[in-house]
Amino acid sequence: MTKTGKTKKLILAIILLAACVVCFVLLFLKFGPKAEKGSKAYVLEVKGIEKSAKYEGRTDAEFLSGLMDELQEKKDFSYRGTGSDYGLYIYAVNREEANDANKTYWAIYVNGEYGMYGADSQPVSDGDTFILALESYE
Amino acid sequence: MNKKPLLSVRDVAVLGIMTAVLEAAKLALDFLPNVELVTLLLMVYTIFYGGKTLIVVLAFTLIECFTKGIHVWVIMYLYMWPLLILIVYLANKRGAGHLFYCILAAFYGLFFGLFCSIPYLFIGGISMAFTWWIAGIPYDLVHCISNFILCLILFRPLCAVMRRVKEMSPQKRR
């Protein structure tokens with residue numbers, strides 16, 4: 001292939017890359033965060049090993065799991081959990097997974113104190129600060 | 001007839017060091033979400049060591065399993081990194097240049113989340129896979145930009161180092 005041909009292909013690839021970036025941003029704006037309204041102010045911090053994030057807003061959710069469901073729909077937040085004898089057991093937040101192999105779990109802190117309830121029974125009050133922290137149980 | 005072994009003793013040693021460098025680079029940048037040197041290093045490794053880089057990927061994935069446990073990302077690693085190696089291997093055969101690899105690294109970072117969402121298609125269906133991918137788009141954008149910049153800056157120096165390693169035959173060192 002000639003040098004001009006190669007250069008043309010590279011320029012086309014850069015244009016395609018830019019177009020993909022724009023498409024991804026539009027997709028995120030369309031299906032990602034949405035403006036929210038609610039009666040209770042909250043702060044939710046995620047403290048993973050690899051990633052940390054902080055979310056602030058207002059919600060009408062009764063329990064923390066409801067707030068997390070709202071965040072999952074509207075913001076760049078994701079979680080996965082399963083029902084257990086003790087309520088909702090969270091095993092992944094923002095793509096970071098807790099696992100038995102390295103003895104980690106997602107702990108819930110409410111206003112600085114270790115949470116006593118699972119996410120689906122932890123009430124949300126106005127001004128609450130929640131922390132989801134990936135911790136070791138060793 | 002004497003069959004030539006797949007790997008020489010020298011290959012085993014070099015591939016081991018390459019794996020160690022890969023793991024060290026991964027751990028060093030773990031605090032920065034989606035900023036990583038693994039893509040760039042695997043590209044450079046493939047250019048100089050071709051298909052043997054797959055052994056490095058397997059060893060790297062195994063080490064990650066030991067340090068972080070076994071989860072869905074293991075499946076992702078087992079097809080994402082070999083895919084990159086295959087693309088680089090084919091591109092290298094066609095004489096691709098520096099800028100091509102920078103663009104490839106950027107594309108790879110941008111589409112990383114989309115391709116990694118494939119296992120979730122089977123776990124929770126298209127809705128879960130789509131939500132998971134969309135939620136990670138900001139991280140994919142960071143991955144795209146950082147991969148491009150890192151490749152632009154470090155590709156040539158890393159190639160120079162790998163060239164020296166490759167050319168350093170045991171006879172020459174005597």
# chains A, B, ... in the order shown; residues from 1 in each chain; ligands from 1
call {"tool": "residues_around", "arguments": {"residues": "B:Cys116", "least_positions_apart": "3", "cutoff": "9 Å", "atoms": "only C-alpha atoms", "output": "PyMOL selection string"}}
result
chain B and resi 73+75-77+80+111-113+119-120+129+133
call {"tool": "closest_atom_pairs", "arguments": {"of": "chain B", "to": "chain A", "cutoff": "7 Å", "atoms": "only C-alpha atoms", "output": "Markdown table"}}
result
| residue | atom | partner | partner_atom | distance |
| --- | --- | --- | --- | --- |
| B:Asp30 | CA | A:Glu50 | CA | 5.9 |
| B:Phe31 | CA | A:Glu50 | CA | 5.7 |
| B:Pro33 | CA | A:Lys51 | CA | 5.8 |
| B:Lys68 | CA | A:Asn102 | CA | 6.2 |
| B:Gly69 | CA | A:Ala101 | CA | 5.0 |
| B:Phe100 | CA | A:Leu10 | CA | 6.7 |
| B:Ile103 | CA | A:Ile14 | CA | 6.9 |
| B:Phe107 | CA | A:Leu17 | CA | 6.6 |
| B:Trp132 | CA | A:Ser78 | CA | 6.8 |
| B:Ile134 | CA | A:Phe28 | CA | 5.9 |
| B:Ala135 | CA | A:Asp76 | CA | 4.3 |
| B:Gly136 | CA | A:Asp76 | CA | 6.5 |
| B:Ile137 | CA | A:Phe28 | CA | 6.6 |
call {"tool": "write_last_selection", "arguments": {"atoms": "C-alpha atoms", "output": "mmCIF file, in the first residue's frame"}}
result
data_model
loop_
_atom_site.group_PDB
_atom_site.id
_atom_site.type_symbol
_atom_site.label_atom_id
_atom_site.label_comp_id
_atom_site.auth_asym_id
_atom_site.auth_seq_id
_atom_site.Cartn_x
_atom_site.Cartn_y
_atom_site.Cartn_z
ATOM 1 C CA ASP B 30 -4.810 0.291 39.950
ATOM 2 C CA PHE B 31 -5.680 3.460 41.868
ATOM 3 C CA PRO B 33 -9.867 3.803 37.243
ATOM 4 C CA LYS B 68 -8.313 -10.654 43.460
ATOM 5 C CA GLY B 69 -10.324 -13.864 43.384
ATOM 6 C CA PHE B 100 -2.233 2.674 13.914
ATOM 7 C CA ILE B 103 -5.798 4.351 17.318
ATOM 8 C CA PHE B 107 -10.732 1.868 20.067
ATOM 9 C CA TRP B 132 -23.963 -2.363 32.863
ATOM 10 C CA ILE B 134 -24.088 2.355 29.767
ATOM 11 C CA ALA B 135 -23.137 2.852 33.429
ATOM 12 C CA GLY B 136 -19.503 2.297 32.505
ATOM 13 C CA ILE B 137 -19.323 4.620 29.472
#
call {"tool": "select_by_dssp", "arguments": {"residues": "stretch 36-101 of chain A", "states": "strand (DSSP E or B)", "output": "number ranges by chain"}}
result
A: 40-47, 52-59, 63, 79-84, 87-93, 96-97
call {"tool": "atom_distance", "arguments": {"atom1": "atom CA of B:Tyr45", "atom2": "atom CA of B:Thr19"}}
result
10.0 Å
call {"tool": "atom_distance", "arguments": {"atom1": "atom CA of B:Thr67", "atom2": "atom CA of A:Ser136"}}
result
13.3 Å
call {"tool": "residues_around", "arguments": {"residues": "A:Asp120", "least_positions_apart": "4", "cutoff": "7 Å", "atoms": "only C-alpha atoms", "output": "MDAnalysis selection string"}}
result
chainID A and resid 63:65 87:88
call {"tool": "write_last_selection", "arguments": {"atoms": "N, CA and C atoms", "output": "mmCIF file, in the first residue's frame"}}
result
data_model
loop_
_atom_site.group_PDB
_atom_site.id
_atom_site.type_symbol
_atom_site.label_atom_id
_atom_site.label_comp_id
_atom_site.auth_asym_id
_atom_site.auth_seq_id
_atom_site.Cartn_x
_atom_site.Cartn_y
_atom_site.Cartn_z
ATOM 1 N N PHE A 63 -36.158 3.035 51.362
ATOM 2 C CA PHE A 63 -34.996 2.275 51.837
ATOM 3 C C PHE A 63 -33.795 2.480 50.914
ATOM 4 N N LEU A 64 -32.631 2.136 51.455
ATOM 5 C CA LEU A 64 -31.386 2.335 50.706
ATOM 6 C C LEU A 64 -31.405 1.604 49.359
ATOM 7 N N SER A 65 -31.975 0.399 49.330
ATOM 8 C CA SER A 65 -32.008 -0.347 48.064
ATOM 9 C C SER A 65 -32.801 0.415 47.005
ATOM 10 N N GLY A 87 -31.544 -10.223 54.353
ATOM 11 C CA GLY A 87 -31.956 -9.148 53.457
ATOM 12 C C GLY A 87 -31.112 -9.149 52.198
ATOM 13 N N LEU A 88 -31.089 -7.997 51.542
ATOM 14 C CA LEU A 88 -30.357 -7.890 50.283
ATOM 15 C C LEU A 88 -28.850 -7.951 50.536
#
call {"tool": "residues_around", "arguments": {"residues": "B:Phe60", "least_positions_apart": "5", "cutoff": "10 Å", "atoms": "only C-alpha atoms", "output": "VMD selection string"}}
result
chain B and resid 16 18 to 23 26 38 54 to 55 65 to 66 77
call {"tool": "atom_distance", "arguments": {"atom1": "atom CA of B:Ile17", "atom2": "atom CA of B:Ala105"}}
result
22.8 Å
call {"tool": "select_by_dssp", "arguments": {"residues": "chain A", "states": "helix (DSSP H, G or I)", "output": "number ranges by chain"}}
result
A: 3-31, 64-74
call {"tool": "residues_around", "arguments": {"residues": "B:Phe48", "least_positions_apart": "4", "cutoff": "10 Å", "atoms": "only C-alpha atoms", "output": "number ranges by chain"}}
result
B: 42-44, 52-53, 89, 92, 159, 162-163, 165-166
call {"tool": "decode", "arguments": {"residues": "stretch 24-71 of chain A", "atoms": "N, CA and C atoms", "output": "short mmCIF file (atom, residue, chain, number, x, y, z; two decimals), in the first residue's frame"}}
result
data_model
loop_
_atom_site.label_atom_id
_atom_site.label_comp_id
_atom_site.auth_asym_id
_atom_site.auth_seq_id
_atom_site.Cartn_x
_atom_site.Cartn_y
_atom_site.Cartn_z
N PHE A 24 -21.10 7.39 21.87
CA PHE A 24 -21.09 6.86 23.24
C PHE A 24 -21.56 7.93 24.23
N VAL A 25 -21.08 9.16 24.01
CA VAL A 25 -21.48 10.26 24.91
C VAL A 25 -22.99 10.48 24.80
N LEU A 26 -23.51 10.47 23.56
CA LEU A 26 -24.96 10.67 23.37
C LEU A 26 -25.76 9.54 24.02
N LEU A 27 -25.28 8.32 23.88
CA LEU A 27 -25.96 7.18 24.51
C LEU A 27 -26.00 7.34 26.02
N PHE A 28 -24.86 7.79 26.58
CA PHE A 28 -24.78 7.97 28.02
C PHE A 28 -25.73 9.08 28.48
N LEU A 29 -25.79 10.17 27.68
CA LEU A 29 -26.68 11.27 28.04
C LEU A 29 -28.15 10.84 27.95
N LYS A 30 -28.43 9.98 26.97
CA LYS A 30 -29.83 9.54 26.76
C LYS A 30 -30.25 8.53 27.83
N PHE A 31 -29.38 7.55 28.10
CA PHE A 31 -29.78 6.47 29.00
C PHE A 31 -29.09 6.55 30.37
N GLY A 32 -28.18 7.51 30.54
CA GLY A 32 -27.42 7.62 31.78
C GLY A 32 -28.10 8.50 32.82
N PRO A 33 -27.38 9.50 33.38
CA PRO A 33 -27.94 10.31 34.48
C PRO A 33 -29.16 11.12 34.05
N LYS A 34 -30.09 11.25 34.96
CA LYS A 34 -31.26 12.12 34.73
C LYS A 34 -31.41 13.03 35.95
N ALA A 35 -31.99 14.20 35.72
CA ALA A 35 -32.24 15.10 36.84
C ALA A 35 -33.26 14.46 37.78
N GLU A 36 -33.01 14.58 39.08
CA GLU A 36 -33.94 13.93 40.01
C GLU A 36 -34.52 14.94 40.99
N LYS A 37 -35.72 14.62 41.43
CA LYS A 37 -36.37 15.45 42.44
C LYS A 37 -36.80 14.53 43.57
N GLY A 38 -36.81 15.02 44.78
CA GLY A 38 -37.24 14.19 45.90
C GLY A 38 -37.25 15.01 47.16
N SER A 39 -37.78 14.41 48.23
CA SER A 39 -37.94 15.19 49.46
C SER A 39 -36.76 15.04 50.41
N LYS A 40 -35.94 13.95 50.22
CA LYS A 40 -34.85 13.70 51.18
C LYS A 40 -33.48 13.85 50.51
N ALA A 41 -32.63 14.65 51.13
CA ALA A 41 -31.27 14.82 50.60
C ALA A 41 -30.42 13.64 51.06
N TYR A 42 -29.51 13.20 50.22
CA TYR A 42 -28.65 12.08 50.61
C TYR A 42 -27.27 12.24 49.99
N VAL A 43 -26.32 11.54 50.59
CA VAL A 43 -24.99 11.39 49.99
C VAL A 43 -24.68 9.90 50.02
N LEU A 44 -24.28 9.36 48.91
CA LEU A 44 -23.89 7.94 48.87
C LEU A 44 -22.46 7.87 48.33
N GLU A 45 -21.57 7.35 49.15
CA GLU A 45 -20.18 7.19 48.72
C GLU A 45 -19.88 5.72 48.48
N VAL A 46 -19.17 5.45 47.42
CA VAL A 46 -18.74 4.09 47.13
C VAL A 46 -17.23 4.05 47.30
N LYS A 47 -16.77 3.21 48.21
CA LYS A 47 -15.33 3.10 48.44
C LYS A 47 -14.88 1.69 48.09
N GLY A 48 -14.54 1.49 46.83
CA GLY A 48 -14.05 0.20 46.40
C GLY A 48 -12.54 0.14 46.52
N ILE A 49 -11.98 -0.98 46.12
CA ILE A 49 -10.52 -1.10 46.15
C ILE A 49 -9.95 -0.43 44.92
N GLU A 50 -10.63 -0.59 43.78
CA GLU A 50 -10.14 -0.03 42.53
C GLU A 50 -10.75 1.34 42.23
N LYS A 51 -12.00 1.52 42.59
CA LYS A 51 -12.70 2.76 42.23
C LYS A 51 -13.45 3.32 43.43
N SER A 52 -13.53 4.64 43.46
CA SER A 52 -14.36 5.30 44.46
C SER A 52 -15.26 6.29 43.74
N ALA A 53 -16.41 6.54 44.31
CA ALA A 53 -17.33 7.50 43.68
C ALA A 53 -18.22 8.09 44.74
N LYS A 54 -18.77 9.27 44.44
CA LYS A 54 -19.66 9.94 45.40
C LYS A 54 -20.88 10.44 44.65
N TYR A 55 -22.05 10.18 45.21
CA TYR A 55 -23.30 10.60 44.58
C TYR A 55 -24.09 11.42 45.60
N GLU A 56 -24.62 12.52 45.13
CA GLU A 56 -25.44 13.37 45.99
C GLU A 56 -26.74 13.68 45.27
N GLY A 57 -27.79 13.84 46.02
CA GLY A 57 -29.05 14.18 45.38
C GLY A 57 -30.21 14.15 46.35
N ARG A 58 -31.39 14.07 45.78
CA ARG A 58 -32.61 14.01 46.58
C ARG A 58 -33.42 12.81 46.14
N THR A 59 -34.11 12.22 47.08
CA THR A 59 -34.87 11.01 46.75
C THR A 59 -36.14 10.90 47.59
N ASP A 60 -37.05 10.11 47.09
CA ASP A 60 -38.24 9.78 47.86
C ASP A 60 -38.20 8.32 48.31
N ALA A 61 -37.07 7.65 48.01
CA ALA A 61 -36.96 6.22 48.32
C ALA A 61 -37.07 5.99 49.82
N GLU A 62 -37.78 4.92 50.16
CA GLU A 62 -37.98 4.61 51.58
C GLU A 62 -36.75 3.94 52.17
N PHE A 63 -36.16 3.04 51.36
CA PHE A 63 -35.00 2.27 51.84
C PHE A 63 -33.79 2.48 50.91
N LEU A 64 -32.63 2.14 51.45
CA LEU A 64 -31.39 2.34 50.71
C LEU A 64 -31.41 1.60 49.36
N SER A 65 -31.97 0.40 49.33
CA SER A 65 -32.01 -0.35 48.06
C SER A 65 -32.80 0.41 47.00
N GLY A 66 -33.88 1.10 47.44
CA GLY A 66 -34.67 1.91 46.51
C GLY A 66 -33.85 3.06 45.97
N LEU A 67 -33.08 3.69 46.87
CA LEU A 67 -32.19 4.79 46.45
C LEU A 67 -31.15 4.27 45.46
N MET A 68 -30.61 3.09 45.74
CA MET A 68 -29.60 2.51 44.84
C MET A 68 -30.22 2.14 43.48
N ASP A 69 -31.46 1.68 43.51
CA ASP A 69 -32.15 1.38 42.24
C ASP A 69 -32.33 2.66 41.42
N GLU A 70 -32.69 3.74 42.11
CA GLU A 70 -32.86 5.04 41.43
C GLU A 70 -31.55 5.48 40.80
N LEU A 71 -30.48 5.37 41.60
CA LEU A 71 -29.16 5.78 41.11
C LEU A 71 -28.74 4.94 39.90
#
